[in-house]
$ cat start.cif   # mmCIF, N, CA and C atoms
data_data
loop_
_atom_site.label_atom_id
_atom_site.label_comp_id
_atom_site.auth_asym_id
_atom_site.auth_seq_id
_atom_site.Cartn_x
_atom_site.Cartn_y
_atom_site.Cartn_z
N MET F 227 8.83 -51.66 -29.94
CA MET F 227 9.02 -50.22 -29.89
C MET F 227 9.11 -49.79 -28.42
N TYR F 228 9.96 -48.82 -28.18
CA TYR F 228 10.21 -48.37 -26.81
C TYR F 228 9.87 -46.88 -26.66
N THR F 229 9.26 -46.56 -25.54
CA THR F 229 9.08 -45.14 -25.21
C THR F 229 10.40 -44.61 -24.68
N ILE F 230 10.51 -43.32 -24.60
CA ILE F 230 11.73 -42.72 -24.07
C ILE F 230 11.91 -43.11 -22.60
N GLY F 231 10.82 -43.24 -21.87
CA GLY F 231 10.88 -43.66 -20.48
C GLY F 231 11.39 -45.09 -20.34
N ALA F 232 10.93 -45.98 -21.23
CA ALA F 232 11.39 -47.37 -21.21
C ALA F 232 12.87 -47.44 -21.56
N MET F 233 13.30 -46.62 -22.51
CA MET F 233 14.72 -46.57 -22.88
C MET F 233 15.54 -46.11 -21.68
N SER F 234 15.05 -45.09 -21.00
CA SER F 234 15.74 -44.55 -19.84
C SER F 234 15.87 -45.61 -18.75
N LYS F 235 14.78 -46.28 -18.48
CA LYS F 235 14.77 -47.30 -17.43
C LYS F 235 15.70 -48.47 -17.77
N ALA F 236 15.69 -48.88 -19.03
CA ALA F 236 16.49 -50.03 -19.46
C ALA F 236 17.99 -49.73 -19.45
N THR F 237 18.36 -48.49 -19.74
CA THR F 237 19.77 -48.15 -19.89
C THR F 237 20.36 -47.36 -18.72
N GLY F 238 19.49 -46.73 -17.93
CA GLY F 238 19.98 -45.87 -16.86
C GLY F 238 20.36 -44.48 -17.34
N VAL F 239 20.02 -44.16 -18.58
CA VAL F 239 20.29 -42.83 -19.13
C VAL F 239 19.05 -41.97 -18.90
N LYS F 240 19.23 -40.81 -18.33
CA LYS F 240 18.09 -39.95 -18.01
C LYS F 240 17.42 -39.43 -19.29
N VAL F 241 16.12 -39.22 -19.19
CA VAL F 241 15.32 -38.77 -20.34
C VAL F 241 15.89 -37.50 -20.98
N PRO F 242 16.24 -36.46 -20.20
CA PRO F 242 16.80 -35.26 -20.85
C PRO F 242 18.09 -35.55 -21.62
N THR F 243 18.87 -36.51 -21.12
CA THR F 243 20.12 -36.87 -21.81
C THR F 243 19.80 -37.58 -23.12
N ILE F 244 18.81 -38.44 -23.12
CA ILE F 244 18.39 -39.11 -24.36
C ILE F 244 17.95 -38.07 -25.38
N ARG F 245 17.17 -37.10 -24.92
CA ARG F 245 16.72 -36.04 -25.84
C ARG F 245 17.92 -35.25 -26.38
N TYR F 246 18.89 -35.01 -25.50
CA TYR F 246 20.10 -34.29 -25.93
C TYR F 246 20.85 -35.10 -26.99
N TYR F 247 21.00 -36.39 -26.79
CA TYR F 247 21.68 -37.23 -27.78
C TYR F 247 20.95 -37.19 -29.12
N GLU F 248 19.63 -37.14 -29.07
CA GLU F 248 18.84 -36.97 -30.28
C GLU F 248 19.14 -35.64 -30.95
N GLU F 249 19.12 -34.59 -30.12
CA GLU F 249 19.30 -33.21 -30.59
C GLU F 249 20.65 -33.03 -31.30
N ILE F 250 21.70 -33.68 -30.77
CA ILE F 250 23.02 -33.51 -31.37
C ILE F 250 23.32 -34.56 -32.44
N GLY F 251 22.35 -35.43 -32.70
CA GLY F 251 22.49 -36.39 -33.79
C GLY F 251 23.20 -37.69 -33.44
N LEU F 252 23.45 -37.95 -32.16
CA LEU F 252 24.04 -39.25 -31.79
C LEU F 252 23.01 -40.36 -31.90
N LEU F 253 21.79 -40.04 -31.57
CA LEU F 253 20.68 -40.98 -31.74
C LEU F 253 19.83 -40.50 -32.89
N ASP F 254 19.43 -41.43 -33.74
CA ASP F 254 18.51 -41.06 -34.81
C ASP F 254 17.19 -40.63 -34.20
N GLU F 255 16.56 -39.66 -34.84
CA GLU F 255 15.26 -39.22 -34.37
C GLU F 255 14.28 -40.38 -34.55
N PRO F 256 13.60 -40.73 -33.47
CA PRO F 256 12.69 -41.89 -33.57
C PRO F 256 11.38 -41.50 -34.23
N GLY F 257 10.65 -42.53 -34.60
CA GLY F 257 9.31 -42.28 -35.09
C GLY F 257 8.42 -41.84 -33.94
N ARG F 258 7.24 -41.39 -34.28
CA ARG F 258 6.30 -40.95 -33.25
C ARG F 258 4.95 -41.64 -33.48
N ASN F 259 4.27 -41.86 -32.37
CA ASN F 259 2.95 -42.48 -32.49
C ASN F 259 1.90 -41.40 -32.75
N ALA F 260 0.64 -41.79 -32.79
CA ALA F 260 -0.45 -40.84 -33.07
C ALA F 260 -0.52 -39.74 -32.02
N GLY F 261 -0.09 -40.05 -30.80
CA GLY F 261 -0.09 -39.04 -29.74
C GLY F 261 1.19 -38.22 -29.72
N ASN F 262 2.03 -38.36 -30.74
CA ASN F 262 3.28 -37.62 -30.92
C ASN F 262 4.36 -38.01 -29.90
N GLN F 263 4.23 -39.21 -29.32
CA GLN F 263 5.27 -39.70 -28.41
C GLN F 263 6.34 -40.43 -29.19
N ARG F 264 7.59 -40.24 -28.75
CA ARG F 264 8.71 -40.94 -29.38
C ARG F 264 8.52 -42.45 -29.23
N ARG F 265 8.89 -43.17 -30.28
CA ARG F 265 8.89 -44.63 -30.26
C ARG F 265 10.19 -45.10 -30.88
N PHE F 266 11.08 -45.59 -30.04
CA PHE F 266 12.37 -46.07 -30.50
C PHE F 266 12.28 -47.53 -30.87
N ASP F 267 13.05 -47.92 -31.87
CA ASP F 267 13.13 -49.33 -32.24
C ASP F 267 14.34 -49.96 -31.55
N GLN F 268 14.58 -51.23 -31.82
CA GLN F 268 15.70 -51.94 -31.18
C GLN F 268 17.04 -51.31 -31.55
N ALA F 269 17.16 -50.81 -32.77
CA ALA F 269 18.40 -50.15 -33.18
C ALA F 269 18.67 -48.92 -32.30
N GLY F 270 17.62 -48.18 -31.97
CA GLY F 270 17.76 -47.03 -31.08
C GLY F 270 18.20 -47.45 -29.69
N MET F 271 17.61 -48.54 -29.18
CA MET F 271 17.99 -49.07 -27.87
C MET F 271 19.45 -49.51 -27.89
N ASP F 272 19.85 -50.20 -28.94
CA ASP F 272 21.23 -50.66 -29.06
C ASP F 272 22.20 -49.49 -29.14
N ALA F 273 21.83 -48.47 -29.90
CA ALA F 273 22.69 -47.29 -30.03
C ALA F 273 22.83 -46.59 -28.68
N LEU F 274 21.74 -46.45 -27.94
CA LEU F 274 21.81 -45.82 -26.63
C LEU F 274 22.66 -46.64 -25.67
N GLY F 275 22.55 -47.95 -25.74
CA GLY F 275 23.41 -48.82 -24.93
C GLY F 275 24.88 -48.63 -25.26
N PHE F 276 25.19 -48.50 -26.54
CA PHE F 276 26.57 -48.26 -26.99
C PHE F 276 27.07 -46.93 -26.43
N ILE F 277 26.25 -45.89 -26.58
CA ILE F 277 26.63 -44.55 -26.10
C ILE F 277 26.86 -44.58 -24.60
N LYS F 278 25.95 -45.21 -23.87
CA LYS F 278 26.06 -45.28 -22.40
C LYS F 278 27.36 -45.97 -21.99
N HIS F 279 27.64 -47.10 -22.61
CA HIS F 279 28.86 -47.84 -22.27
C HIS F 279 30.10 -47.02 -22.59
N ALA F 280 30.10 -46.38 -23.75
CA ALA F 280 31.25 -45.55 -24.13
C ALA F 280 31.41 -44.37 -23.17
N ARG F 281 30.31 -43.75 -22.77
CA ARG F 281 30.39 -42.63 -21.80
C ARG F 281 30.90 -43.14 -20.46
N ASP F 282 30.45 -44.32 -20.05
CA ASP F 282 30.93 -44.91 -18.80
C ASP F 282 32.44 -45.12 -18.82
N LEU F 283 32.98 -45.37 -20.02
CA LEU F 283 34.42 -45.54 -20.19
C LEU F 283 35.14 -44.21 -20.40
N GLY F 284 34.39 -43.12 -20.39
CA GLY F 284 34.97 -41.79 -20.44
C GLY F 284 35.18 -41.22 -21.83
N PHE F 285 34.69 -41.90 -22.86
CA PHE F 285 34.85 -41.38 -24.22
C PHE F 285 34.07 -40.08 -24.37
N SER F 286 34.64 -39.15 -25.12
CA SER F 286 33.95 -37.89 -25.41
C SER F 286 32.83 -38.16 -26.41
N LEU F 287 31.90 -37.23 -26.50
CA LEU F 287 30.82 -37.37 -27.47
C LEU F 287 31.36 -37.38 -28.90
N ASP F 288 32.41 -36.60 -29.16
CA ASP F 288 33.01 -36.61 -30.51
C ASP F 288 33.60 -37.97 -30.83
N ASP F 289 34.28 -38.58 -29.85
CA ASP F 289 34.84 -39.92 -30.07
C ASP F 289 33.72 -40.94 -30.28
N ILE F 290 32.67 -40.82 -29.51
CA ILE F 290 31.54 -41.74 -29.67
C ILE F 290 30.93 -41.59 -31.05
N ARG F 291 30.78 -40.36 -31.50
CA ARG F 291 30.24 -40.11 -32.84
C ARG F 291 31.13 -40.79 -33.90
N ALA F 292 32.44 -40.64 -33.74
CA ALA F 292 33.37 -41.27 -34.69
C ALA F 292 33.26 -42.80 -34.63
N LEU F 293 33.20 -43.35 -33.42
CA LEU F 293 33.10 -44.80 -33.27
C LEU F 293 31.80 -45.33 -33.85
N MET F 294 30.71 -44.61 -33.66
CA MET F 294 29.42 -45.05 -34.19
C MET F 294 29.38 -44.98 -35.71
N GLY F 295 30.25 -44.16 -36.30
CA GLY F 295 30.31 -44.05 -37.75
C GLY F 295 31.10 -45.16 -38.41
N LEU F 296 31.76 -45.98 -37.62
CA LEU F 296 32.54 -47.09 -38.17
C LEU F 296 31.65 -48.30 -38.35
N ASP F 297 31.98 -49.13 -39.33
CA ASP F 297 31.10 -50.27 -39.61
C ASP F 297 31.53 -51.55 -38.90
N GLY F 298 32.66 -51.52 -38.19
CA GLY F 298 33.07 -52.67 -37.42
C GLY F 298 33.82 -53.73 -38.20
N GLN F 299 34.10 -53.46 -39.45
CA GLN F 299 34.84 -54.42 -40.26
C GLN F 299 36.33 -54.28 -39.99
N LEU F 300 37.05 -55.38 -40.13
CA LEU F 300 38.50 -55.33 -39.99
C LEU F 300 39.07 -54.44 -41.08
N GLY F 301 40.17 -53.82 -40.80
CA GLY F 301 40.79 -52.92 -41.76
C GLY F 301 40.86 -51.52 -41.21
N ASP F 302 40.60 -50.55 -42.07
CA ASP F 302 40.73 -49.15 -41.67
C ASP F 302 39.86 -48.79 -40.47
N ASP F 303 38.61 -49.28 -40.46
CA ASP F 303 37.72 -48.97 -39.35
C ASP F 303 38.26 -49.51 -38.03
N CYS F 304 38.81 -50.71 -38.07
CA CYS F 304 39.37 -51.32 -36.87
C CYS F 304 40.58 -50.51 -36.38
N VAL F 305 41.40 -50.06 -37.30
CA VAL F 305 42.57 -49.25 -36.95
C VAL F 305 42.12 -47.94 -36.30
N GLU F 306 41.11 -47.31 -36.87
CA GLU F 306 40.61 -46.05 -36.31
C GLU F 306 40.00 -46.26 -34.92
N ALA F 307 39.22 -47.32 -34.76
CA ALA F 307 38.63 -47.61 -33.44
C ALA F 307 39.73 -47.86 -32.41
N ASP F 308 40.75 -48.59 -32.82
CA ASP F 308 41.87 -48.87 -31.93
C ASP F 308 42.58 -47.58 -31.53
N GLN F 309 42.79 -46.68 -32.48
CA GLN F 309 43.45 -45.41 -32.18
C GLN F 309 42.62 -44.58 -31.19
N ILE F 310 41.33 -44.55 -31.38
CA ILE F 310 40.45 -43.80 -30.49
C ILE F 310 40.50 -44.41 -29.08
N ALA F 311 40.44 -45.74 -29.01
CA ALA F 311 40.47 -46.41 -27.70
C ALA F 311 41.81 -46.21 -27.01
N ARG F 312 42.90 -46.29 -27.76
CA ARG F 312 44.23 -46.08 -27.15
C ARG F 312 44.40 -44.65 -26.66
N SER F 313 43.87 -43.70 -27.40
CA SER F 313 43.92 -42.31 -26.98
C SER F 313 43.13 -42.12 -25.68
N GLN F 314 41.97 -42.75 -25.59
CA GLN F 314 41.17 -42.66 -24.37
C GLN F 314 41.90 -43.31 -23.20
N LEU F 315 42.56 -44.43 -23.45
CA LEU F 315 43.34 -45.10 -22.40
C LEU F 315 44.43 -44.17 -21.88
N GLU F 316 45.11 -43.48 -22.77
CA GLU F 316 46.15 -42.53 -22.36
C GLU F 316 45.54 -41.38 -21.54
N ASN F 317 44.38 -40.89 -21.96
CA ASN F 317 43.69 -39.84 -21.20
C ASN F 317 43.37 -40.32 -19.79
N VAL F 318 42.89 -41.55 -19.67
CA VAL F 318 42.55 -42.11 -18.36
C VAL F 318 43.81 -42.25 -17.51
N ARG F 319 44.88 -42.73 -18.10
CA ARG F 319 46.13 -42.87 -17.34
C ARG F 319 46.64 -41.51 -16.85
N GLU F 320 46.51 -40.49 -17.68
CA GLU F 320 46.92 -39.14 -17.27
C GLU F 320 46.07 -38.64 -16.11
N ARG F 321 44.76 -38.89 -16.17
CA ARG F 321 43.87 -38.47 -15.08
C ARG F 321 44.20 -39.23 -13.79
N ILE F 322 44.49 -40.52 -13.92
CA ILE F 322 44.86 -41.32 -12.74
C ILE F 322 46.13 -40.76 -12.11
N ALA F 323 47.13 -40.45 -12.93
CA ALA F 323 48.38 -39.89 -12.41
C ALA F 323 48.12 -38.58 -11.68
N LYS F 324 47.27 -37.74 -12.25
CA LYS F 324 46.94 -36.46 -11.61
C LYS F 324 46.20 -36.70 -10.29
N LEU F 325 45.26 -37.63 -10.28
CA LEU F 325 44.53 -37.94 -9.05
C LEU F 325 45.47 -38.51 -7.98
N GLU F 326 46.42 -39.35 -8.39
CA GLU F 326 47.39 -39.88 -7.43
C GLU F 326 48.23 -38.76 -6.84
N GLN F 327 48.62 -37.80 -7.67
CA GLN F 327 49.37 -36.64 -7.20
C GLN F 327 48.54 -35.82 -6.21
N LEU F 328 47.27 -35.61 -6.54
CA LEU F 328 46.38 -34.89 -5.63
C LEU F 328 46.22 -35.64 -4.31
N ALA F 329 46.10 -36.95 -4.36
CA ALA F 329 45.97 -37.75 -3.13
C ALA F 329 47.21 -37.61 -2.26
N ARG F 330 48.39 -37.64 -2.88
CA ARG F 330 49.63 -37.47 -2.10
C ARG F 330 49.66 -36.11 -1.42
N GLU F 331 49.27 -35.07 -2.15
CA GLU F 331 49.28 -33.72 -1.58
C GLU F 331 48.25 -33.58 -0.47
N LEU F 332 47.07 -34.13 -0.66
CA LEU F 332 46.05 -34.07 0.39
C LEU F 332 46.48 -34.85 1.63
N GLU F 333 47.13 -35.97 1.40
CA GLU F 333 47.63 -36.75 2.54
C GLU F 333 48.69 -35.94 3.29
N ARG F 334 49.58 -35.29 2.56
CA ARG F 334 50.63 -34.47 3.19
C ARG F 334 50.00 -33.32 3.98
N ILE F 335 49.03 -32.65 3.38
CA ILE F 335 48.38 -31.53 4.05
C ILE F 335 47.64 -32.01 5.31
N SER F 336 46.93 -33.13 5.18
CA SER F 336 46.16 -33.60 6.33
C SER F 336 47.07 -34.01 7.49
N HIS F 337 48.29 -34.43 7.18
CA HIS F 337 49.24 -34.79 8.25
C HIS F 337 49.83 -33.56 8.94
N LEU F 338 49.62 -32.37 8.36
CA LEU F 338 50.08 -31.14 9.00
C LEU F 338 49.25 -30.80 10.23
N CYS F 339 48.04 -31.31 10.24
CA CYS F 339 47.09 -30.97 11.30
C CYS F 339 47.47 -31.66 12.61
N ASP F 340 47.38 -30.90 13.69
CA ASP F 340 47.65 -31.48 15.01
C ASP F 340 46.35 -31.71 15.76
N GLY F 341 45.24 -31.74 15.02
CA GLY F 341 43.95 -32.03 15.64
C GLY F 341 43.31 -30.86 16.34
N GLY F 342 43.71 -29.66 16.02
CA GLY F 342 43.09 -28.48 16.62
C GLY F 342 43.59 -28.17 18.02
N ASN F 343 44.79 -28.59 18.32
CA ASN F 343 45.35 -28.36 19.66
C ASN F 343 46.17 -27.09 19.70
N GLY F 344 45.53 -25.98 19.51
CA GLY F 344 46.20 -24.69 19.62
C GLY F 344 46.82 -24.22 18.33
N GLY F 345 47.12 -22.95 18.27
CA GLY F 345 47.72 -22.36 17.09
C GLY F 345 46.73 -22.25 15.95
N CYS F 346 47.26 -21.96 14.78
CA CYS F 346 46.39 -21.82 13.61
C CYS F 346 46.31 -23.16 12.88
N CYS F 347 45.24 -23.33 12.16
CA CYS F 347 45.01 -24.57 11.43
C CYS F 347 45.97 -24.67 10.25
N LYS F 348 46.80 -25.68 10.28
CA LYS F 348 47.80 -25.84 9.22
C LYS F 348 47.16 -26.26 7.89
N VAL F 349 46.05 -26.96 7.95
CA VAL F 349 45.36 -27.35 6.72
C VAL F 349 44.84 -26.11 6.01
N LEU F 350 44.17 -25.24 6.74
CA LEU F 350 43.64 -24.02 6.14
C LEU F 350 44.77 -23.11 5.66
N THR F 351 45.87 -23.06 6.42
CA THR F 351 47.02 -22.26 6.01
C THR F 351 47.59 -22.79 4.70
N ALA F 352 47.73 -24.11 4.60
CA ALA F 352 48.26 -24.72 3.37
C ALA F 352 47.33 -24.48 2.19
N LEU F 353 46.02 -24.57 2.42
CA LEU F 353 45.07 -24.33 1.33
C LEU F 353 45.07 -22.88 0.90
N GLY F 354 45.37 -21.98 1.82
CA GLY F 354 45.39 -20.56 1.50
C GLY F 354 46.68 -20.07 0.87
N ASP F 355 47.71 -20.90 0.90
CA ASP F 355 49.02 -20.50 0.37
C ASP F 355 49.58 -21.62 -0.50
N HIS F 356 49.34 -21.50 -1.80
CA HIS F 356 49.75 -22.55 -2.75
C HIS F 356 51.26 -22.81 -2.71
N SER F 357 52.03 -21.81 -2.28
CA SER F 357 53.49 -22.01 -2.25
C SER F 357 53.89 -23.07 -1.22
N GLN F 358 52.99 -23.42 -0.32
CA GLN F 358 53.30 -24.43 0.70
C GLN F 358 53.09 -25.87 0.17
N CYS F 359 52.58 -25.98 -1.04
CA CYS F 359 52.33 -27.30 -1.62
C CYS F 359 53.64 -27.94 -2.06
N ALA F 360 53.67 -29.25 -2.00
CA ALA F 360 54.88 -29.99 -2.37
C ALA F 360 55.10 -30.03 -3.88
N GLY F 361 54.08 -29.83 -4.66
CA GLY F 361 54.22 -29.89 -6.12
C GLY F 361 53.09 -29.16 -6.80
N ASP F 362 53.16 -29.14 -8.13
CA ASP F 362 52.10 -28.49 -8.91
C ASP F 362 50.96 -29.47 -9.10
N HIS F 363 49.79 -29.05 -8.77
CA HIS F 363 48.61 -29.90 -8.95
C HIS F 363 47.43 -29.10 -9.46
N GLY F 364 47.69 -27.93 -9.99
CA GLY F 364 46.63 -27.06 -10.48
C GLY F 364 46.27 -27.34 -11.84
#

$ encode --input "start.cif" --output "C-alpha cells"
Amino acid sequence: MYTIGAMSKATGVKVPTIRYYEEIGLLDEPGRNAGNQRRFDQAGMDALGFIKHARDLGFSLDDIRALMGLDGQLGDDCVEADQIARSQLENVRERIAKLEQLARELERISHLCDGGNGGCCKVLTALGDHSQCAGDHG
C-alpha cells in the first residue's frame, strides 16, 4: 500500500495533481487507513504511472480517460487506441510546425537589431506592429 506522498515521489506527480485525478475519476478513490489517510494499491500506482506517461506525451485528460477504459485486447480497442495515438501525433506535428514558424519569425526579428547603435529599437518596433511580421503566427 502506498501513501499519496509515496505515489508522488515514485511517479513525479505532485500531490495536488494526484488528488485532482482522483476528483475527476481518472484514479479510483483509494482506501483509507484508521487515520483517514489515503492508501493506494499497486493498481493505483500503475494507473498513475500510465496517466503520467500519457500526459508526458501530451495526451489530453479526455484521451487518457478513453485509453484507460480500453482493455488492451486486439480488435476494436486496439483500433480505438491507435486512432487516439495517431490524432495526438498529428496534434504534436501541428504544434511543432507552429513552433518552427515562430522560431523563424523570432530569428528574423532578432536580425533586425543593430545592437542598440542609435535610432529606435527594431525589435520593439516589430513587436509593436504585427503588420511588420513575415507571416501569421497568432

$ select_by_dssp --input "start.cif" --residues "chain F" --states "helix (DSSP H, G or I)" --output "VMD selection string"
chain F and resid 230 to 237 241 to 249 268 to 282 287 to 294 302 to 336 348 to 354 356 to 358

$ closest_residue --input "start.cif" --among "F:Glu331, F:Cys339, F:Ala307, F:Leu350" --to "Asp362 of chain F" --atoms "only C-alpha atoms"
F:Glu331

$ atom_distance --input "start.cif" --atom1 "atom CA of Leu325 of chain F" --atom2 "atom CA of Leu287 of chain F"
23.0 Å

$ residues_around --input "start.cif" --residues "Arg334 of chain F" --least-positions-apart "6" --cutoff "10 Å" --atoms "only C-alpha atoms" --output "list in words"
Leu328, Val349, Cys359 and Ala360 of chain F

$ write_last_selection --input "start.cif" --atoms "N, CA and C atoms" --output "mmCIF file, in the frame of the given file"
data_model
loop_
_atom_site.group_PDB
_atom_site.id
_atom_site.type_symbol
_atom_site.label_atom_id
_atom_site.label_comp_id
_atom_site.auth_asym_id
_atom_site.auth_seq_id
_atom_site.Cartn_x
_atom_site.Cartn_y
_atom_site.Cartn_z
ATOM 1 N N LEU F 328 47.270 -35.610 -6.540
ATOM 2 C CA LEU F 328 46.380 -34.890 -5.630
ATOM 3 C C LEU F 328 46.220 -35.640 -4.310
ATOM 4 N N VAL F 349 46.050 -26.960 7.950
ATOM 5 C CA VAL F 349 45.360 -27.350 6.720
ATOM 6 C C VAL F 349 44.840 -26.110 6.010
ATOM 7 N N CYS F 359 52.580 -25.980 -1.040
ATOM 8 C CA CYS F 359 52.330 -27.300 -1.620
ATOM 9 C C CYS F 359 53.640 -27.940 -2.060
ATOM 10 N N ALA F 360 53.670 -29.250 -2.000
ATOM 11 C CA ALA F 360 54.880 -29.990 -2.370
ATOM 12 C C ALA F 360 55.100 -30.030 -3.880
#

$ select_by_dssp --input "start.cif" --residues "segment 228-363 of chain F" --states "strand (DSSP E)" --output "PDB file with N, CA and C atoms, in the coordinates of the input"
ATOM      1  N   GLY F 257      10.650 -42.530 -34.600  1.00  0.00           N
ATOM      2  CA  GLY F 257       9.310 -42.280 -35.090  1.00  0.00           C
ATOM      3  C   GLY F 257       8.420 -41.840 -33.940  1.00  0.00           C
ATOM      4  N   ARG F 258       7.240 -41.390 -34.280  1.00  0.00           N
ATOM      5  CA  ARG F 258       6.300 -40.950 -33.250  1.00  0.00           C
ATOM      6  C   ARG F 258       4.950 -41.640 -33.480  1.00  0.00           C
ATOM      7  N   ARG F 264       7.590 -40.240 -28.750  1.00  0.00           N
ATOM      8  CA  ARG F 264       8.710 -40.940 -29.380  1.00  0.00           C
ATOM      9  C   ARG F 264       8.520 -42.450 -29.230  1.00  0.00           C
ATOM     10  N   ARG F 265       8.890 -43.170 -30.280  1.00  0.00           N
ATOM     11  CA  ARG F 265       8.890 -44.630 -30.260  1.00  0.00           C
ATOM     12  C   ARG F 265      10.190 -45.100 -30.880  1.00  0.00           C
TER      13      ARG F 265
END

$ resolve_selection --input "start.cif" --expression "the PyMOL selection byres ((chain F and resi 266) around 6.5)" --output "PyMOL selection string"
chain F and resi 227-230+256-257+264-265+267-271

$ write_last_selection --input "start.cif" --atoms "N, CA and C atoms" --output "PDB file, in the coordinates of the input"
ATOM      1  N   MET F 227       8.830 -51.660 -29.940  1.00  0.00           N
ATOM      2  CA  MET F 227       9.020 -50.220 -29.890  1.00  0.00           C
ATOM      3  C   MET F 227       9.110 -49.790 -28.420  1.00  0.00           C
ATOM      4  N   TYR F 228       9.960 -48.820 -28.180  1.00  0.00           N
ATOM      5  CA  TYR F 228      10.210 -48.370 -26.810  1.00  0.00           C
ATOM      6  C   TYR F 228       9.870 -46.880 -26.660  1.00  0.00           C
ATOM      7  N   THR F 229       9.260 -46.560 -25.540  1.00  0.00           N
ATOM      8  CA  THR F 229       9.080 -45.140 -25.210  1.00  0.00           C
ATOM      9  C   THR F 229      10.400 -44.610 -24.680  1.00  0.00           C
ATOM     10  N   ILE F 230      10.510 -43.320 -24.600  1.00  0.00           N
ATOM     11  CA  ILE F 230      11.730 -42.720 -24.070  1.00  0.00           C
ATOM     12  C   ILE F 230      11.910 -43.110 -22.600  1.00  0.00           C
ATOM     13  N   PRO F 256      13.600 -40.730 -33.470  1.00  0.00           N
ATOM     14  CA  PRO F 256      12.690 -41.890 -33.570  1.00  0.00           C
ATOM     15  C   PRO F 256      11.380 -41.500 -34.230  1.00  0.00           C
ATOM     16  N   GLY F 257      10.650 -42.530 -34.600  1.00  0.00           N
ATOM     17  CA  GLY F 257       9.310 -42.280 -35.090  1.00  0.00           C
ATOM     18  C   GLY F 257       8.420 -41.840 -33.940  1.00  0.00           C
ATOM     19  N   ARG F 264       7.590 -40.240 -28.750  1.00  0.00           N
ATOM     20  CA  ARG F 264       8.710 -40.940 -29.380  1.00  0.00           C
ATOM     21  C   ARG F 264       8.520 -42.450 -29.230  1.00  0.00           C
ATOM     22  N   ARG F 265       8.890 -43.170 -30.280  1.00  0.00           N
ATOM     23  CA  ARG F 265       8.890 -44.630 -30.260  1.00  0.00           C
ATOM     24  C   ARG F 265      10.190 -45.100 -30.880  1.00  0.00           C
ATOM     25  N   ASP F 267      13.050 -47.920 -31.870  1.00  0.00           N
ATOM     26  CA  ASP F 267      13.130 -49.330 -32.240  1.00  0.00           C
ATOM     27  C   ASP F 267      14.340 -49.960 -31.550  1.00  0.00           C
ATOM     28  N   GLN F 268      14.580 -51.230 -31.820  1.00  0.00           N
ATOM     29  CA  GLN F 268      15.700 -51.940 -31.180  1.00  0.00           C
ATOM     30  C   GLN F 268      17.040 -51.310 -31.550  1.00  0.00           C
ATOM     31  N   ALA F 269      17.160 -50.810 -32.770  1.00  0.00           N
ATOM     32  CA  ALA F 269      18.400 -50.150 -33.180  1.00  0.00           C
ATOM     33  C   ALA F 269      18.670 -48.920 -32.300  1.00  0.00           C
ATOM     34  N   GLY F 270      17.620 -48.180 -31.970  1.00  0.00           N
ATOM     35  CA  GLY F 270      17.760 -47.030 -31.080  1.00  0.00           C
ATOM     36  C   GLY F 270      18.200 -47.450 -29.690  1.00  0.00           C
ATOM     37  N   MET F 271      17.610 -48.540 -29.180  1.00  0.00           N
ATOM     38  CA  MET F 271      17.990 -49.070 -27.870  1.00  0.00           C
ATOM     39  C   MET F 271      19.450 -49.510 -27.890  1.00  0.00           C
TER      40      MET F 271
END

$ closest_residue --input "start.cif" --among "F:Gln314, F:Leu332, F:Leu274, F:His279" --to "Met233 of chain F" --atoms "only N, CA and C atoms"
F:Leu274

$ atom_distance --input "start.cif" --atom1 "atom CA of Ala280 of chain F" --atom2 "atom N of Arg319 of chain F"
15.2 Å

$ axis_aligned_box --input "start.cif" --around "segment 233-247 of chain F" --padding-each-side "4 Å" --output "lines of an AutoDock Vina configuration file"
center_x = 17.5
center_y = -42.2
center_z = -23.0
size_x = 16.4
size_y = 23.7
size_z = 20.3

$ resolve_selection --input "start.cif" --expression "the PyMOL selection byres (((chain F and resi 311 and name CA) around 12) and name CA)" --output "PyMOL selection string"
chain F and resi 280+283-286+289-290+292-293+304-310+312-318
